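Peer 1: Pasting a structure here, questions to come.
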Number of protein chains: 4
Amino acid sequence: MDRKKVIAGLIGAGRIGKMHARNITTQLPDVFLKTVADCEPDDKWVNSLGIPVCAEHCQVVLDDPEIEAVVIATPSATHVDMITAAAKAGKQIFCEKPVAFEAEKVGQAVAAARDAGVGLQIGFNRRFDPDFRAVRDAVTSGKIGTPHIIRITNRDPVRPALDFIPDSGGLFMDFSIHDFDMLRFLSGSEVVRVYAAGAVLIDPEIEKLGDIDTALITLQLASGALCIIDLSRETHYGYDQQVEVFGSEGSISARNTTPTNTVLSTAQGVFSDQPHYSFVERYETAFVEEMRAFFTSVRDGTPPQVTGEDAQLAVKIAQAAQDSYKHNQPVEVV
Amino acid sequence: MDRKKVIAGLIGAGRIGKMHARNITTQLPDVFLKTVADCEPDDKWVNSLGIPVCAEHCQVVLDDPEIEAVVIATPSATHVDMITAAAKAGKQIFCEKPVAFEAEKVGQAVAAARDAGVGLQIGFNRRFDPDFRAVRDAVTSGKIGTPHIIRITNRDPVRPALDFIPDSGGLFMDFSIHDFDMLRFLSGSEVVRVYAAGAVLIDPEIEKLGDIDTALITLQLASGALCIIDLSRETHYGYDQQVEVFGSEGSISARNTTPTNTVLSTAQGVFSDQPHYSFVERYETAFVEEMRAFFTSVRDGTPPQVTGEDAQLAVKIAQAAQDSYKHNQPVEVV
Amino acid sequence: MDRKKVIAGLIGAGRIGKMHARNITTQLPDVFLKTVADCEPDDKWVNSLGIPVCAEHCQVVLDDPEIEAVVIATPSATHVDMITAAAKAGKQIFCEKPVAFEAEKVGQAVAAARDAGVGLQIGFNRRFDPDFRAVRDAVTSGKIGTPHIIRITNRDPVRPALDFIPDSGGLFMDFSIHDFDMLRFLSGSEVVRVYAAGAVLIDPEIEKLGDIDTALITLQLASGALCIIDLSRETHYGYDQQVEVFGSEGSISARNTTPTNTVLSTAQGVFSDQPHYSFVERYETAFVEEMRAFFTSVRDGTPPQVTGEDAQLAVKIAQAAQDSYKHNQPVEVV
Amino acid sequence: MDRKKVIAGLIGAGRIGKMHARNITTQLPDVFLKTVADCEPDDKWVNSLGIPVCAEHCQVVLDDPEIEAVVIATPSATHVDMITAAAKAGKQIFCEKPVAFEAEKVGQAVAAARDAGVGLQIGFNRRFDPDFRAVRDAVTSGKIGTPHIIRITNRDPVRPALDFIPDSGGLFMDFSIHDFDMLRFLSGSEVVRVYAAGAVLIDPEIEKLGDIDTALITLQLASGALCIIDLSRETHYGYDQQVEVFGSEGSISARNTTPTNTVLSTAQGVFSDQPHYSFVERYETAFVEEMRAFFTSVRDGTPPQVTGEDAQLAVKIAQAAQDSYKHNQPVEVV
């Protein structure tokens, strides 16, 4: 075994955990994924990836002194406890979003990592998308001057199953949390005020469950820039993920990506590809790159690119959006 | 002279008035523009268009029993009086926007036309743009289902001269009044609530003059749909005029139009055309079509496609946006 | 009547002639179209355009000393005679393409105009299309360096009626004659060699009539550049009219134009507009601009932008393409 | 070690060989790349990929009974001998293009594989590009009807080093060999006649070396369809790789792919991404997929998707193109 490889463990092997395992084993030759822990261990799948240890309990990962870094992909409700335990065990930590639905709880996890002196990267994968990164780079390099207006479109292809809604955190906390982070990432500025308008236009059952399915969120940044996020839980035409940063010298935008660049022209019309269908295809590269960035920071001892503080700030914005929607008032973010 | 032609007069021959005169004389063979009245009469230009009468005073138009329809393109502050006078003279009326900056004043003009039994069409030319019309048709025909989110981008290529600002009516009343009408046109629904966030990001002199240069306006419609309008007074890259209506079955959007469809690829990059530079080129067809629609309604005795009531409602929304921005509160439109 | 207007006559008021009449009367205020001559005179239509004289015989135009310029839009077979007669009458001449199907005959018309000292402009309207003009300008200004490869796509939306075929001149002489002129226009170089591959793939009836419906023509220019023209008589998806000039520094291309710039996204796909349906819409501006250019050259006494010599050279290339196809050999153009 | 993995060897670890090694070890978990043989063995690099054996001589691969499949990426001149040797050793074979520059020599390699009863897949990677595959699928499924015109654009971003030219096989045999295969792949039909026009427009030094740098190739298919390939060795704007299949019911085209989908709009213009810079990025997925297809056929005992016969037919077309260019005559492909 190559001594220089970072030895890693994965805790939680659901849909996202499995994807991380596959990405690490196939795309990151410098990382050795030694152990996968999941309460429903799946030896066959673990072995198929060449991972030697398949455990039922996370302690197998946390107690293994050889394991330097852990990837946490357990259910959201466990994230704060898992981060805390991993921090105490001295592991470098990658944790899926959301850390928690309350900024204070995220703060506990952040403190645990800080106190233990371990790095903590949060799974805001979209920061690693090549297109959004190119937008950020254009902003950073001054190509569009000072940002004035930022537009983010986030629309799912198809409404979620209704049983997903109650524990999801809701449209602002779950669905749009990525957008709040993206806004901070693209603008390099902090949100000071939020106004959220929301509606249930897709499915009245969502209202019964206390959530909404459509929203517009206006945000004002410390820099003075204005931001609009538009949200929908169902497009029918694919996963609509677009951003624009408009500034004092021009505009940079990222359009939707598509499976191919083909165009079909017939008597029925001129068709181009629909956007990628789901986050799995749309953010395929981003998921790999966030892992690469995490393990690079572990190896090099550099700070993670997306921190627990970033998660905390995104949650604060989401809370403000929830308050704003509830009271139909703009809300200051403090 | 063809007896069947509608005989028309133009009052006010500034930049817009001259454009209407040119459009009428070259594009509308069924209309005879008999008289142009302007306080600075320009015989040479009037004759060059084959218009026989060049007058200094509007009364020459209003008192001419042969003239059936008038196009009013005088300074904005005179619009209510001009409409009232033309209505009393029994003329069919086209009047440029804005009629007035207060809904009550617009109401006076509307009442004058109604009382006189004459038609009154307002210059919301964008309703006649082929692309926006195609968007509306897609909505009306149900292609995108029920509208959920409407996005309107309205950005000028270059900031106005500062001396334009004080009497302009301001960003909401002058610049965005078209968007409020467009929203009603595209959605077929009425605005019930407005929240406006604004900023001065382009030129601090604009702030000194009591105006802003950048804004986001969130609007909620009676239908439940949400709308976002983003405004900027300066893009540098051309006139940015885009709309999207996103609904329960999909999305229809109108992208920017460009002078040509050429693409240049060199070592320096892949360039397509910038958007049209100004409203003159962007809405060239729309300006002709609104005249055609006006004179068709005059000839056929049908109601105008954009009424004084439409102008009044747009002004009410603009007032609500001004109030919202001033008090940083959402404002109901009543 | 304005003394400065160019006084013009139109000979031949079929589909194209009527379009020219409409364009002149509505778009060219500096031109007075006094007379229309057609063997089936249509008083009502002529009057509706404000044209005073409706004649049956072309001599009414040619004998009118007031008429300075004539537009010839009679059947193709009459073009050489009409040009000759108009030249003898001392008129400035615009004539629709094709002048004739043999270069020698075109030469007779060219000589007649030259001997009479009158200008002769040929109806290669595509030179006046804004997109193709932008391509030419990019070439002329050196933006793409020296042209290496020129690609022209010319495809009709729907096959012609079979009774059009026999007298049409055939695919190379009738349909592609525009492309041969376009190639000379874009490249600024002359064709020295042609190889034409053709096929009947759309309708076997076309073969029975001695014509083909699909072809690829390879042309070598004196400059060394290579050109490919691809032709089809039926796309089903609209009028496909694209060009590219690829050179030593890059590429400039003109894509298809469309009625609107809207995009519809639904579960069925992402649709943009089909190309314009026919030459009438596609070249609407070009038809106006070629008239404007003609009458400008008449007024200013400047040479026409598309000459009889241009027509002659296009016909020579078409003849070479016919020969090449017939003998399956590359043919030199002399 | 997983018993079910296909055990493979790589012969030749130059630029392309290294890429295959990396793709196999990181992307194909079902394949075990045991040995790399190269006349300049690079232990360090081989070890870094977790490949256990680094050999100097290909015999180490061929004599290893555990190795079932070999990937040949040695210099082109050795391909026939290497295939023959590998076939005699009973290995399943993937060999890079070109197998040889003469159809007869390719035939020897094909015969060797056939006689040994081993599969032989040739490195026409473009067949595995997702966009070209989507074009082919649209053709196969009848979406565009019967193919009438096929257009292939193949242009390199920058001219090759001059010392590459003499042994390259030349523009038709080296550069365009992919296009000949692509044409057969997309059309499902065989080439019956070729006419090639060529020129030296980029660098006169290329002419001194007996090659050309720009060409247009017209091909007629047994189905009656016509094809045009345009070739250039230097675009300056990126790797230009586009295809279109136009048929009796419409058209399907694959445009260039780009690193991102971002658009930058400033006073300087509206910029989209340049095409991918080189075949490495453009065909990144295709290179992985051809390996996946090869090892799938090895595992499943199914015939390879690109055969030696395909290579032989492509070479025959290239020979015909060379002859056609040399003699300036269309040449039949027999």
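Chain identifiers are assigned as A, B, and so on, following the order in which chains appear in the structure tokens; residues are numbered from 1 within each chain, and ligands are numbered from 1 in order of appearance.
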Give me the residues of chain A that have any atom at most 7 Å from an atom of chain D; for each, the nearest atom pair and the distance in Å, rounded to one decimal. Use only C-alpha atoms, sort by chain and number, and format it as CSV.

Peer 2:
residue,atom,partner,partner_atom,distance
A:Thr26,CA,D:Thr26,CA,4.8
A:Gln27,CA,D:Thr26,CA,5.8
A:Pro130,CA,D:Thr260,CA,6.7
A:Asp131,CA,D:Thr260,CA,5.2
A:Glu249,CA,D:Thr266,CA,6.2
A:Gly250,CA,D:Thr266,CA,4.4
A:Ser251,CA,D:Ser265,CA,5.1
A:Ile252,CA,D:Leu264,CA,4.4
A:Ser253,CA,D:Val263,CA,5.3
A:Ala254,CA,D:Thr262,CA,4.3
A:Arg255,CA,D:Asn261,CA,5.7
A:Thr257,CA,D:Asn261,CA,6.6
A:Thr260,CA,D:Asp131,CA,5.2
A:Asn261,CA,D:Arg255,CA,5.7
A:Thr262,CA,D:Ala254,CA,4.3
A:Val263,CA,D:Ser253,CA,5.3
A:Leu264,CA,D:Ile252,CA,4.4
A:Ser265,CA,D:Ser251,CA,5.1
A:Thr266,CA,D:Gly250,CA,4.4

Peer 1: Please write the residues from the selection above to a file, keeping N, CA and C atoms, as a short mmCIF file (atom, residue, chain, number, x, y, z; two decimals), in the first residue's frame.

Peer 2:
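Dumped to part.cif:
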data_model
loop_
_atom_site.label_atom_id
_atom_site.label_comp_id
_atom_site.auth_asym_id
_atom_site.auth_seq_id
_atom_site.Cartn_x
_atom_site.Cartn_y
_atom_site.Cartn_z
N THR A 26 -12.56 5.76 -7.43
CA THR A 26 -12.24 5.75 -8.86
C THR A 26 -11.52 7.00 -9.33
N GLN A 27 -11.70 8.10 -8.63
CA GLN A 27 -11.17 9.36 -9.15
C GLN A 27 -10.01 9.92 -8.35
N PRO A 130 -17.61 23.57 -12.34
CA PRO A 130 -16.71 24.35 -13.21
C PRO A 130 -17.35 25.63 -13.73
N ASP A 131 -18.62 25.60 -14.03
CA ASP A 131 -19.28 26.79 -14.58
C ASP A 131 -19.42 27.87 -13.52
N GLU A 249 -19.26 46.69 -14.95
CA GLU A 249 -18.61 46.64 -16.26
C GLU A 249 -19.23 45.63 -17.21
N GLY A 250 -20.20 44.86 -16.72
CA GLY A 250 -20.80 43.85 -17.58
C GLY A 250 -21.42 42.73 -16.79
N SER A 251 -21.61 41.60 -17.46
CA SER A 251 -22.35 40.51 -16.85
C SER A 251 -21.68 39.18 -17.19
N ILE A 252 -21.68 38.27 -16.22
CA ILE A 252 -21.23 36.90 -16.50
C ILE A 252 -22.34 35.96 -16.05
N SER A 253 -22.69 35.02 -16.90
CA SER A 253 -23.76 34.11 -16.52
C SER A 253 -23.39 32.68 -16.86
N ALA A 254 -23.94 31.76 -16.08
CA ALA A 254 -23.79 30.33 -16.36
C ALA A 254 -25.15 29.80 -16.73
N ARG A 255 -25.24 29.32 -17.96
CA ARG A 255 -26.49 28.74 -18.43
C ARG A 255 -26.58 27.27 -18.00
N THR A 257 -26.40 23.30 -18.18
CA THR A 257 -25.60 22.33 -18.92
C THR A 257 -26.54 21.23 -19.41
N THR A 260 -25.78 16.61 -24.13
CA THR A 260 -25.00 16.76 -25.36
C THR A 260 -25.22 18.16 -25.92
N ASN A 261 -24.45 18.49 -26.96
CA ASN A 261 -24.61 19.77 -27.64
C ASN A 261 -25.28 19.60 -29.00
N THR A 262 -26.08 18.57 -29.13
CA THR A 262 -26.71 18.33 -30.42
C THR A 262 -27.97 19.18 -30.59
N VAL A 263 -28.30 19.42 -31.84
CA VAL A 263 -29.52 20.15 -32.19
C VAL A 263 -30.26 19.36 -33.26
N LEU A 264 -31.53 19.12 -33.03
CA LEU A 264 -32.37 18.40 -33.98
C LEU A 264 -33.37 19.37 -34.60
N SER A 265 -33.39 19.44 -35.92
CA SER A 265 -34.32 20.34 -36.61
C SER A 265 -35.23 19.51 -37.50
N THR A 266 -36.51 19.59 -37.24
CA THR A 266 -37.48 18.87 -38.07
C THR A 266 -38.71 19.76 -38.27
#

Peer 1: Applying 8 Å and only C-alpha atoms, which residues near region 180-184 of chain C remain after dropping the ones on its own chain fewer than 6 positions away? List them as a PyMOL selection string.

Peer 2: chain C and resi 124+126-127+150+152+190-191+227+310-311+314+317-318

Peer 1: Quick one: write out the picked residues with all heavy atoms as a short mmCIF file (atom, residue, chain, number, x, y, z; two decimals), in the first residue's frame?

Peer 2:
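Done, and the output landed in out-v6.cif:
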data_model
loop_
_atom_site.label_atom_id
_atom_site.label_comp_id
_atom_site.auth_asym_id
_atom_site.auth_seq_id
_atom_site.Cartn_x
_atom_site.Cartn_y
_atom_site.Cartn_z
N PHE C 124 -29.15 40.14 -57.18
CA PHE C 124 -28.57 39.23 -56.20
C PHE C 124 -28.76 39.84 -54.82
O PHE C 124 -27.84 40.39 -54.21
CB PHE C 124 -27.09 38.99 -56.50
CG PHE C 124 -26.86 38.08 -57.68
CD1 PHE C 124 -25.96 38.42 -58.69
CD2 PHE C 124 -27.54 36.88 -57.78
CE1 PHE C 124 -25.75 37.58 -59.77
CE2 PHE C 124 -27.33 36.03 -58.88
CZ PHE C 124 -26.44 36.38 -59.87
N ARG C 126 -29.10 38.77 -51.90
CA ARG C 126 -28.47 38.27 -50.66
C ARG C 126 -27.24 39.07 -50.26
O ARG C 126 -26.84 39.05 -49.11
CB ARG C 126 -28.12 36.79 -50.82
CG ARG C 126 -29.38 35.95 -50.98
CD ARG C 126 -29.10 34.48 -51.08
NE ARG C 126 -30.31 33.81 -51.57
CZ ARG C 126 -30.41 32.50 -51.79
NH1 ARG C 126 -29.36 31.73 -51.55
NH2 ARG C 126 -31.54 31.98 -52.23
N ARG C 127 -26.64 39.74 -51.25
CA ARG C 127 -25.51 40.60 -50.90
C ARG C 127 -25.92 41.70 -49.91
O ARG C 127 -25.06 42.28 -49.26
CB ARG C 127 -24.96 41.30 -52.15
CG ARG C 127 -24.22 40.39 -53.09
CD ARG C 127 -23.41 41.26 -54.05
NE ARG C 127 -22.72 40.45 -55.04
CZ ARG C 127 -21.61 40.83 -55.67
NH1 ARG C 127 -21.10 42.03 -55.42
NH2 ARG C 127 -21.03 40.05 -56.55
N ILE C 150 -14.59 28.29 -47.36
CA ILE C 150 -15.88 28.98 -47.32
C ILE C 150 -16.97 27.93 -47.45
O ILE C 150 -16.90 27.05 -48.32
CB ILE C 150 -15.98 30.01 -48.46
CG1 ILE C 150 -14.90 31.08 -48.24
CG2 ILE C 150 -17.36 30.64 -48.51
CD1 ILE C 150 -14.61 31.91 -49.46
N ILE C 152 -21.11 27.30 -47.70
CA ILE C 152 -22.42 27.90 -47.94
C ILE C 152 -23.46 26.79 -47.93
O ILE C 152 -23.33 25.81 -48.65
CB ILE C 152 -22.45 28.65 -49.29
CG1 ILE C 152 -21.42 29.79 -49.29
CG2 ILE C 152 -23.85 29.16 -49.60
CD1 ILE C 152 -21.31 30.54 -50.61
N GLU C 190 -11.98 34.98 -57.49
CA GLU C 190 -12.72 34.35 -58.57
C GLU C 190 -12.56 32.83 -58.56
O GLU C 190 -11.53 32.31 -58.16
CB GLU C 190 -12.24 34.89 -59.93
CG GLU C 190 -12.50 36.38 -60.11
CD GLU C 190 -13.98 36.76 -60.06
OE1 GLU C 190 -14.85 35.89 -60.31
OE2 GLU C 190 -14.28 37.94 -59.77
N VAL C 191 -13.59 32.16 -59.04
CA VAL C 191 -13.60 30.70 -59.09
C VAL C 191 -12.77 30.23 -60.28
O VAL C 191 -12.95 30.74 -61.38
CB VAL C 191 -15.04 30.18 -59.20
CG1 VAL C 191 -15.05 28.67 -59.42
CG2 VAL C 191 -15.84 30.56 -57.96
N CYS C 227 -13.98 26.18 -51.44
CA CYS C 227 -15.36 26.48 -51.05
C CYS C 227 -16.25 25.26 -51.25
O CYS C 227 -16.09 24.53 -52.23
CB CYS C 227 -15.90 27.64 -51.88
SG CYS C 227 -17.67 27.91 -51.66
N ASP C 310 -21.14 40.68 -62.85
CA ASP C 310 -21.31 39.72 -61.75
C ASP C 310 -22.26 38.60 -62.16
O ASP C 310 -22.03 37.43 -61.87
CB ASP C 310 -21.85 40.44 -60.51
CG ASP C 310 -20.82 41.35 -59.87
OD1 ASP C 310 -19.63 40.97 -59.82
OD2 ASP C 310 -21.19 42.45 -59.39
N ALA C 311 -23.33 38.98 -62.81
CA ALA C 311 -24.30 37.98 -63.26
C ALA C 311 -23.67 37.02 -64.25
O ALA C 311 -23.88 35.80 -64.20
CB ALA C 311 -25.51 38.67 -63.89
N ALA C 314 -21.39 34.56 -62.45
CA ALA C 314 -22.15 33.54 -61.73
C ALA C 314 -22.67 32.48 -62.69
O ALA C 314 -22.65 31.28 -62.39
CB ALA C 314 -23.29 34.19 -60.96
N ILE C 317 -19.98 30.05 -63.68
CA ILE C 317 -19.73 29.04 -62.65
C ILE C 317 -20.83 27.98 -62.69
O ILE C 317 -20.56 26.78 -62.59
CB ILE C 317 -19.66 29.71 -61.26
CG1 ILE C 317 -18.54 30.76 -61.23
CG2 ILE C 317 -19.42 28.65 -60.18
CD1 ILE C 317 -18.57 31.64 -59.98
N ALA C 318 -22.06 28.43 -62.86
CA ALA C 318 -23.17 27.48 -62.91
C ALA C 318 -23.02 26.53 -64.10
O ALA C 318 -23.28 25.33 -63.99
CB ALA C 318 -24.50 28.23 -62.97
#

Peer 1: Give me the residues within 12 Å of Ala77 (chain C) as a PyMOL selection string, counting only C-alpha atoms and dropping any in the same chain fewer than 4 places off.

Peer 2: chain C and resi 72-73+81-83+96-102+105-106+167-169

Peer 1: Could the residues in this selection be written to a file with N, CA, C and O atoms, as a short mmCIF file (atom, residue, chain, number, x, y, z; two decimals), in the first residue's frame?

Peer 2:
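New file selection_16.cif:
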data_model
loop_
_atom_site.label_atom_id
_atom_site.label_comp_id
_atom_site.auth_asym_id
_atom_site.auth_seq_id
_atom_site.Cartn_x
_atom_site.Cartn_y
_atom_site.Cartn_z
N ILE C 72 -36.98 45.72 -63.60
CA ILE C 72 -37.49 44.67 -64.49
C ILE C 72 -37.71 43.40 -63.68
O ILE C 72 -36.78 42.84 -63.10
N ALA C 73 -38.97 42.96 -63.64
CA ALA C 73 -39.32 41.75 -62.90
C ALA C 73 -40.24 40.87 -63.72
O ALA C 73 -41.13 40.21 -63.21
N ASP C 81 -33.91 40.73 -73.47
CA ASP C 81 -34.61 41.68 -74.36
C ASP C 81 -35.05 42.92 -73.60
O ASP C 81 -34.93 44.05 -74.10
N MET C 82 -35.55 42.74 -72.43
CA MET C 82 -36.03 43.87 -71.64
C MET C 82 -34.87 44.80 -71.27
O MET C 82 -34.99 46.03 -71.33
N ILE C 83 -33.74 44.21 -70.86
CA ILE C 83 -32.58 45.04 -70.53
C ILE C 83 -32.15 45.83 -71.77
O ILE C 83 -31.87 47.03 -71.71
N GLU C 96 -34.11 41.59 -62.32
CA GLU C 96 -34.11 40.39 -61.49
C GLU C 96 -33.18 39.32 -62.08
O GLU C 96 -32.95 39.31 -63.28
N LYS C 97 -32.67 38.46 -61.24
CA LYS C 97 -31.93 37.31 -61.72
C LYS C 97 -32.95 36.24 -62.11
O LYS C 97 -34.06 36.25 -61.57
N PRO C 98 -32.65 35.31 -62.97
CA PRO C 98 -31.44 35.25 -63.78
C PRO C 98 -31.59 36.13 -65.01
O PRO C 98 -32.69 36.24 -65.56
N VAL C 99 -30.49 36.73 -65.44
CA VAL C 99 -30.53 37.49 -66.70
C VAL C 99 -30.75 36.51 -67.84
O VAL C 99 -31.62 36.71 -68.69
N ALA C 100 -29.95 35.45 -67.84
CA ALA C 100 -30.11 34.38 -68.83
C ALA C 100 -29.37 33.17 -68.32
O ALA C 100 -28.62 33.26 -67.35
N PHE C 101 -29.60 32.03 -68.98
CA PHE C 101 -28.94 30.80 -68.53
C PHE C 101 -27.62 30.57 -69.26
O PHE C 101 -26.93 29.59 -68.99
N GLU C 102 -27.27 31.41 -70.23
CA GLU C 102 -26.00 31.27 -70.93
C GLU C 102 -25.19 32.56 -70.73
O GLU C 102 -25.72 33.66 -70.88
N LYS C 105 -25.41 35.15 -73.52
CA LYS C 105 -26.62 35.98 -73.55
C LYS C 105 -26.55 37.07 -72.49
O LYS C 105 -26.97 38.21 -72.73
N VAL C 106 -26.07 36.70 -71.32
CA VAL C 106 -25.91 37.73 -70.29
C VAL C 106 -24.99 38.81 -70.82
O VAL C 106 -25.22 40.01 -70.63
N ASP C 167 -38.55 24.87 -66.71
CA ASP C 167 -38.03 26.15 -67.21
C ASP C 167 -37.17 26.89 -66.20
O ASP C 167 -36.82 28.05 -66.41
N SER C 168 -36.83 26.20 -65.11
CA SER C 168 -36.19 26.91 -63.99
C SER C 168 -34.71 27.18 -64.25
O SER C 168 -34.12 28.06 -63.65
N GLY C 169 -34.12 26.39 -65.14
CA GLY C 169 -32.68 26.49 -65.32
C GLY C 169 -31.96 25.37 -64.57
O GLY C 169 -30.80 25.10 -64.83
#

Peer 1: Would you list, as a list in words, the residues of region 188-227 of chain A that end up in strand (DSSP E) under DSSP run on this structure's backbone?

Peer 2: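 Here is the list: Val191, Val192, Arg193, Val194, Tyr195, Ala196, Ala197, Gly198, Ala199, Thr214, Ala215, Leu216, Ile217, Thr218, Leu219, Gln220, Leu221, Leu226 and Cys227 of chain A.
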
Peer 1: Just write the chosen residues, N, CA and C atoms, as a PDB file, in the first residue's frame.

Peer 2:
ATOM      1  N   VAL A 191     -24.724  38.832   3.435  1.00  0.00           N
ATOM      2  CA  VAL A 191     -26.122  39.242   3.349  1.00  0.00           C
ATOM      3  C   VAL A 191     -26.492  40.054   4.589  1.00  0.00           C
ATOM      4  N   VAL A 192     -27.147  41.177   4.388  1.00  0.00           N
ATOM      5  CA  VAL A 192     -27.571  41.984   5.532  1.00  0.00           C
ATOM      6  C   VAL A 192     -29.094  42.031   5.679  1.00  0.00           C
ATOM      7  N   ARG A 193     -29.816  41.749   4.618  1.00  0.00           N
ATOM      8  CA  ARG A 193     -31.280  41.837   4.706  1.00  0.00           C
ATOM      9  C   ARG A 193     -31.903  40.866   3.720  1.00  0.00           C
ATOM     10  N   VAL A 194     -33.025  40.288   4.095  1.00  0.00           N
ATOM     11  CA  VAL A 194     -33.711  39.288   3.277  1.00  0.00           C
ATOM     12  C   VAL A 194     -35.201  39.593   3.232  1.00  0.00           C
ATOM     13  N   TYR A 195     -35.778  39.473   2.046  1.00  0.00           N
ATOM     14  CA  TYR A 195     -37.240  39.489   1.928  1.00  0.00           C
ATOM     15  C   TYR A 195     -37.641  38.286   1.085  1.00  0.00           C
ATOM     16  N   ALA A 196     -38.506  37.461   1.637  1.00  0.00           N
ATOM     17  CA  ALA A 196     -38.912  36.239   0.939  1.00  0.00           C
ATOM     18  C   ALA A 196     -40.406  36.243   0.670  1.00  0.00           C
ATOM     19  N   ALA A 197     -40.753  36.055  -0.581  1.00  0.00           N
ATOM     20  CA  ALA A 197     -42.145  35.857  -0.971  1.00  0.00           C
ATOM     21  C   ALA A 197     -42.284  34.408  -1.410  1.00  0.00           C
ATOM     22  N   GLY A 198     -43.307  33.734  -0.906  1.00  0.00           N
ATOM     23  CA  GLY A 198     -43.454  32.317  -1.228  1.00  0.00           C
ATOM     24  C   GLY A 198     -44.881  31.963  -1.550  1.00  0.00           C
ATOM     25  N   ALA A 199     -45.040  30.793  -2.136  1.00  0.00           N
ATOM     26  CA  ALA A 199     -46.385  30.366  -2.519  1.00  0.00           C
ATOM     27  C   ALA A 199     -46.417  28.855  -2.685  1.00  0.00           C
ATOM     28  N   THR A 214     -42.727  27.310  -4.165  1.00  0.00           N
ATOM     29  CA  THR A 214     -42.307  28.355  -5.104  1.00  0.00           C
ATOM     30  C   THR A 214     -41.932  29.583  -4.281  1.00  0.00           C
ATOM     31  N   ALA A 215     -40.819  30.232  -4.627  1.00  0.00           N
ATOM     32  CA  ALA A 215     -40.454  31.421  -3.843  1.00  0.00           C
ATOM     33  C   ALA A 215     -39.539  32.333  -4.622  1.00  0.00           C
ATOM     34  N   LEU A 216     -39.589  33.590  -4.240  1.00  0.00           N
ATOM     35  CA  LEU A 216     -38.617  34.604  -4.682  1.00  0.00           C
ATOM     36  C   LEU A 216     -37.995  35.197  -3.428  1.00  0.00           C
ATOM     37  N   ILE A 217     -36.674  35.212  -3.375  1.00  0.00           N
ATOM     38  CA  ILE A 217     -35.994  35.768  -2.212  1.00  0.00           C
ATOM     39  C   ILE A 217     -35.112  36.928  -2.676  1.00  0.00           C
ATOM     40  N   THR A 218     -35.360  38.100  -2.101  1.00  0.00           N
ATOM     41  CA  THR A 218     -34.530  39.267  -2.390  1.00  0.00           C
ATOM     42  C   THR A 218     -33.542  39.448  -1.246  1.00  0.00           C
ATOM     43  N   LEU A 219     -32.272  39.597  -1.596  1.00  0.00           N
ATOM     44  CA  LEU A 219     -31.250  39.751  -0.552  1.00  0.00           C
ATOM     45  C   LEU A 219     -30.414  40.985  -0.845  1.00  0.00           C
ATOM     46  N   GLN A 220     -30.107  41.728   0.210  1.00  0.00           N
ATOM     47  CA  GLN A 220     -29.211  42.882   0.062  1.00  0.00           C
ATOM     48  C   GLN A 220     -27.890  42.553   0.744  1.00  0.00           C
ATOM     49  N   LEU A 221     -26.806  42.869   0.076  1.00  0.00           N
ATOM     50  CA  LEU A 221     -25.481  42.513   0.584  1.00  0.00           C
ATOM     51  C   LEU A 221     -24.818  43.728   1.235  1.00  0.00           C
ATOM     52  N   LEU A 226     -27.540  43.756  -4.878  1.00  0.00           N
ATOM     53  CA  LEU A 226     -28.855  43.154  -4.673  1.00  0.00           C
ATOM     54  C   LEU A 226     -28.864  41.775  -5.300  1.00  0.00           C
ATOM     55  N   CYS A 227     -29.569  40.851  -4.656  1.00  0.00           N
ATOM     56  CA  CYS A 227     -29.612  39.483  -5.182  1.00  0.00           C
ATOM     57  C   CYS A 227     -31.035  38.970  -5.212  1.00  0.00           C
TER      58      CYS A 227
END

Peer 1: Set the distance at 8 Å and use only C-alpha atoms: which residues neighbour Gly14 (chain B) once local chain neighbours fewer than 2 positions away are removed? I'd like the list as a list in words.

Peer 2: Gly12, Ile16, Gly17, Lys18, Ala73 and Thr74 of chain B

Peer 1: Quick one: distance from CA of His148 (chain C) to CA of Ile202 (chain D) in Å, one decimal?

Peer 2: 8.6 Å

Peer 1: Suppose you want the space between CA of Gln241 (chain B) and CA of Leu162 (chain B); what is it in Å?

Peer 2: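 Interatomic distance, CA of Gln241 (chain B) to CA of Leu162 (chain B): 22.6 Å.
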